[in-house]
Each structure stands twice: as structure tokens, then as C-alpha cells.
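> Sharing a structure with you now.
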Amino acid sequence: ASYATIMGKIKTPEEWKQDYEVNQVLYNDELETFLEKQIQIPNESTAPLTKKPSILLLRGQNSDSGNMYEALIPKFQSQVLNDANLDTSTLFPILAECRVHKSALELALLEHVTQISSFAHAYVMRNIRPGLHEYQCESLFKHYAYFNYGSRLVSYTSICGCGPNSAILHYGHAGEPNQKLIQDGDTCLFDMGAEYQCYASDITCSFPANGSFTPKYKAIYESVLNAQRAVYRMMEPGV
């Protein structure tokens, strides 16, 4: 009752199954009992163990950063579970491979969240003007994605660099929080992406704050754009 007062109604397992379309749902305090049944360690009086049962834990190396994700070693109340083998090598490569392959529904969802981000960037471009702060452009992006498409979260910390800030790779963090006043003639580099149903998008774009490209800026912009379009034409499975 106290939890429901603070957090709202506690959903039943059947409600969670319907929401997430999964086969089984358990509460945290049911986990140990469930695991005991799954590993099915036989009693010494009934059958000898031929192989020690295993509990799979997530541990592996991020192939991009090289950082190691270390498994959290559980402390079970059940001695049966504490006696089981804790396998930290099997699960990570299986889940990593699963993430690579997307179903048709997942691809459609990725396209949808990317469209949300694209529309939100265009909304920012239509409303930006010298005299705004960078954080106001970040706010416009978040408002458009959430108000129009229910995309409450962003995929990462938004980068809204204008003028010299556009040259800082990961500008926008707590130490540099998108706070510059945008000046006439500033170049803007905005790297923002919406997240929807745990699927993320990532779009970076560059444009003049006042809407007018200088000849030099236009030449560089079109060179990059043409290179990007050439890559699109070359993309196909196997390349």
C-alpha cells in the first residue's frame, strides 16, 4: 500500500505480460525460487550430479570502447543457488549477436524514431534565430519529439554547439551545458537524437544560425553532402 501511494498501482504479472508480450513475469522476491526450479539440482539421495548446473551472468568487453562490463556476482539466500556454477562467459556473446540482427518490426521502429529526430531537427531549424541560447534549441528539439510523438527521452546528451563551440566534439555536457548566446553569423552543429521504446536515433546536422550560407560555407557543406550521397549509393549488403 505504501509503494502504491508513492509510485501508483502495482501492475499484475498478467498486465506486464500484455504490455511487453512476454511469456512469463516474476516479481523480484520470486526470482530465487524460480532459479532453484530451473537448475533442478538433484538431491544426493536420489541421483548423483553428472554436471554442476550453471547460472549465466552478463560479462564481456565492449567492442567499440574496449571497456569491460563486469558481472555483478549475486549473493543468494539459497545455498542451492550459491553452490551452482556462475558462468560469466556464455551469455554476453549471445546477447551481443542478438542485437546485431533486427526483425522487420525492429527496423520499422528504428525508421520511426529516426523520422522523429529528423522532423525535430527541421523544427529547430525553422525556429532558431540569433539571440536565442543554445539550450533553447535543445529545448525545442525535446519539446517537438515529446509533444508530437511521445518520445520522452533522448538517446544521449544533446550537443548544440554554435560558433566556436561547434568544434568541440562532445560539447553540451554538464561542464559546457549548451549555454552560449547565439550570434548572427554563427555556424551551428547540432547532434541530437530521440529515443522511442528503447530504440535510439542519432542525427548530426550543420547550418547557419541566420539561415544564410556564405559562399565558403556553402561550398564545404555541398562537398560533404555530395560525399554522403555517394556513400548512400554504394551501400548494399556485402559491401
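Just so we're on the same page: first chain in the C-alpha cells is A, next is B, and so on; residues restart at 1 for each chain, and ligands are numbered from 1 in the order they show up.
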Tell me which protein, DNA and RNA residues are within 9 Å of A:Tyr135, counting only C-alpha atoms, leaving out same-chain ones fewer than 3 positions away, and put them as a PyMOL selection string.

chain A and resi 132+138-140+160+172+177-180

> Would you mind listing what lies within 7 Å of A:Asn85 as a PyMOL selection string, with only C-alpha atoms counted and same-chain residues fewer than 5 positions away left out?

chain A and resi 52-55

> Which residues in stretch 2-201 of chain A does DSSP call strand (DSSP E or B)? List them as a ChimeraX atom specification.

/A:54-56,60-61,68-69,85-87,130,132-133,153-154,159-162,181,187-192,194-196,199-200

> Would you export the selected residues with N, CA, C and O atoms as a compact mmCIF listing (two decimals), in the first residue's frame, please?


# COMPACT_ATOMS: atom_id res chain seq x y z
N SER A 54 24.58 -24.40 -14.01
CA SER A 54 25.15 -23.07 -14.17
C SER A 54 24.08 -21.99 -14.15
O SER A 54 22.96 -22.20 -14.62
N ILE A 55 24.44 -20.84 -13.62
CA ILE A 55 23.63 -19.62 -13.72
C ILE A 55 24.42 -18.66 -14.60
O ILE A 55 25.58 -18.35 -14.31
N LEU A 56 23.80 -18.20 -15.70
CA LEU A 56 24.50 -17.34 -16.66
C LEU A 56 24.47 -15.89 -16.20
O LEU A 56 23.40 -15.35 -15.94
N GLY A 60 31.43 -9.07 -20.33
CA GLY A 60 32.07 -9.07 -21.64
C GLY A 60 32.66 -7.72 -21.96
O GLY A 60 32.46 -6.74 -21.25
N GLN A 61 33.37 -7.67 -23.08
CA GLN A 61 34.07 -6.46 -23.48
C GLN A 61 33.30 -5.72 -24.56
O GLN A 61 32.85 -6.32 -25.53
N MET A 68 35.42 -3.17 -20.19
CA MET A 68 34.88 -4.45 -19.77
C MET A 68 33.65 -4.24 -18.90
O MET A 68 33.67 -3.46 -17.94
N TYR A 69 32.56 -4.92 -19.26
CA TYR A 69 31.38 -4.93 -18.41
C TYR A 69 31.53 -6.09 -17.44
O TYR A 69 31.57 -7.26 -17.84
N ASN A 85 27.30 -23.23 -10.41
CA ASN A 85 28.40 -22.60 -11.16
C ASN A 85 27.92 -21.27 -11.74
O ASN A 85 26.87 -21.21 -12.39
N LEU A 86 28.68 -20.19 -11.53
CA LEU A 86 28.34 -18.89 -12.08
C LEU A 86 29.12 -18.70 -13.38
O LEU A 86 30.33 -18.47 -13.37
N ASP A 87 28.43 -18.82 -14.49
CA ASP A 87 29.05 -18.78 -15.82
C ASP A 87 29.03 -17.34 -16.34
O ASP A 87 27.97 -16.78 -16.61
N PRO A 130 19.34 34.22 -34.23
CA PRO A 130 20.31 34.88 -33.34
C PRO A 130 19.59 35.55 -32.17
O PRO A 130 18.52 36.15 -32.33
N LEU A 132 18.81 33.68 -29.41
CA LEU A 132 18.45 32.56 -28.56
C LEU A 132 19.72 31.97 -27.94
O LEU A 132 20.82 32.18 -28.43
N HIS A 133 19.54 31.19 -26.87
CA HIS A 133 20.65 30.43 -26.31
C HIS A 133 20.64 29.02 -26.91
O HIS A 133 19.60 28.53 -27.36
N LEU A 153 12.37 10.64 -24.08
CA LEU A 153 13.79 10.66 -23.78
C LEU A 153 14.61 10.94 -25.03
O LEU A 153 14.15 10.76 -26.15
N VAL A 154 15.85 11.36 -24.81
CA VAL A 154 16.82 11.47 -25.91
C VAL A 154 17.83 10.34 -25.76
O VAL A 154 18.00 9.76 -24.68
N ILE A 159 24.03 17.80 -28.10
CA ILE A 159 25.13 18.70 -28.43
C ILE A 159 24.58 19.82 -29.31
O ILE A 159 24.13 19.56 -30.43
N CYS A 160 24.59 21.04 -28.80
CA CYS A 160 24.09 22.19 -29.55
C CYS A 160 25.18 23.25 -29.58
O CYS A 160 25.11 24.26 -28.87
N GLY A 161 26.18 23.02 -30.40
CA GLY A 161 27.33 23.91 -30.44
C GLY A 161 27.19 24.97 -31.52
O GLY A 161 26.98 24.65 -32.69
N CYS A 162 27.32 26.22 -31.15
CA CYS A 162 27.24 27.32 -32.11
C CYS A 162 28.54 28.13 -32.04
O CYS A 162 29.15 28.27 -30.98
N LEU A 181 25.06 32.28 -26.03
CA LEU A 181 24.09 33.11 -26.75
C LEU A 181 24.44 33.07 -28.23
O LEU A 181 25.58 33.36 -28.62
N THR A 187 27.86 29.52 -37.01
CA THR A 187 27.57 28.20 -37.57
C THR A 187 27.11 27.29 -36.44
O THR A 187 27.71 27.28 -35.37
N CYS A 188 26.05 26.54 -36.68
CA CYS A 188 25.52 25.65 -35.65
C CYS A 188 25.80 24.19 -36.03
O CYS A 188 25.61 23.80 -37.18
N LEU A 189 26.26 23.43 -35.08
CA LEU A 189 26.37 21.99 -35.24
C LEU A 189 25.55 21.35 -34.13
O LEU A 189 25.89 21.46 -32.96
N PHE A 190 24.45 20.72 -34.54
CA PHE A 190 23.53 20.12 -33.58
C PHE A 190 23.54 18.61 -33.74
O PHE A 190 23.26 18.08 -34.83
N ASP A 191 23.85 17.93 -32.67
CA ASP A 191 23.88 16.47 -32.63
C ASP A 191 22.88 16.03 -31.57
O ASP A 191 23.16 16.07 -30.38
N MET A 192 21.70 15.63 -32.04
CA MET A 192 20.62 15.26 -31.12
C MET A 192 19.84 14.09 -31.70
O MET A 192 19.69 13.97 -32.92
N ALA A 194 16.34 11.40 -30.78
CA ALA A 194 15.24 10.95 -29.92
C ALA A 194 15.38 9.46 -29.62
O ALA A 194 16.01 8.71 -30.37
N GLU A 195 14.77 9.06 -28.52
CA GLU A 195 14.68 7.63 -28.18
C GLU A 195 13.20 7.28 -28.05
O GLU A 195 12.41 8.02 -27.48
N TYR A 196 12.83 6.12 -28.59
CA TYR A 196 11.43 5.70 -28.52
C TYR A 196 11.37 4.20 -28.28
O TYR A 196 11.96 3.42 -29.03
N TYR A 199 14.57 2.29 -28.45
CA TYR A 199 15.32 2.31 -29.71
C TYR A 199 15.78 3.75 -29.96
O TYR A 199 15.02 4.70 -29.83
N ALA A 200 17.06 3.87 -30.32
CA ALA A 200 17.70 5.18 -30.34
C ALA A 200 18.00 5.63 -31.77
O ALA A 200 18.21 4.81 -32.66

> Report as a list in words all protein, DNA and RNA residues lying within 10 Å of A:Thr33, evaluated on only C-alpha atoms, omitting residues in the same chain fewer than 4 positions from it.

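Result of the neighbour search: Asp29, Lys37, Gln38, Ser78 and Leu81 of chain A.
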
> Could you check how far atom CA of A:Tyr156 sits from atom CA of A:Leu95, in Å to one decimal?

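If I compute the distance from atom CA of A:Tyr156 to atom CA of A:Leu95, I get 22.1 Å.
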
> Tell me, in Å to one decimal, how far atom CA of A:Thr214 is from atom CA of A:Phe141.

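Interatomic distance, atom CA of A:Thr214 to atom CA of A:Phe141: 25.5 Å.
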
> Please, what distance in Å, to one decimal, runs between atom CA of A:Asn148 and atom CA of A:Thr114?

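Going from atom CA of A:Asn148 over to atom CA of A:Thr114, I get 14.0 Å.
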
> As a list in words, please: every residue in stretch 127-178 of chain A that a backbone DSSP assignment puts in alpha helix (DSSP H).

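Filtering stretch 127-178 of chain A to alpha helix (DSSP H) leaves Asn127, Glu134, Tyr135, Gln136, Cys137, Glu138, Ser139, Leu140, Phe141, Lys142, His143, Tyr144, Ala145, Tyr146, Phe147, Asn148 and Tyr149 of chain A.
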
> Would you kindly return, as number ranges by chain, each protein, DNA or RNA residue with an atom no farther than 12 Å from any atom of A:Phe213, considering only C-alpha atoms and excluding same-chain residues fewer than 5 positions away?

A: 184-188, 206-208, 218-222

> Between A:Gln183, A:Tyr232, A:Gly66, A:Ser155, which one has atoms that come closest to A:Arg129, using only C-alpha atoms?

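That would be A:Gln183, the residue with the smallest distance to A:Arg129.
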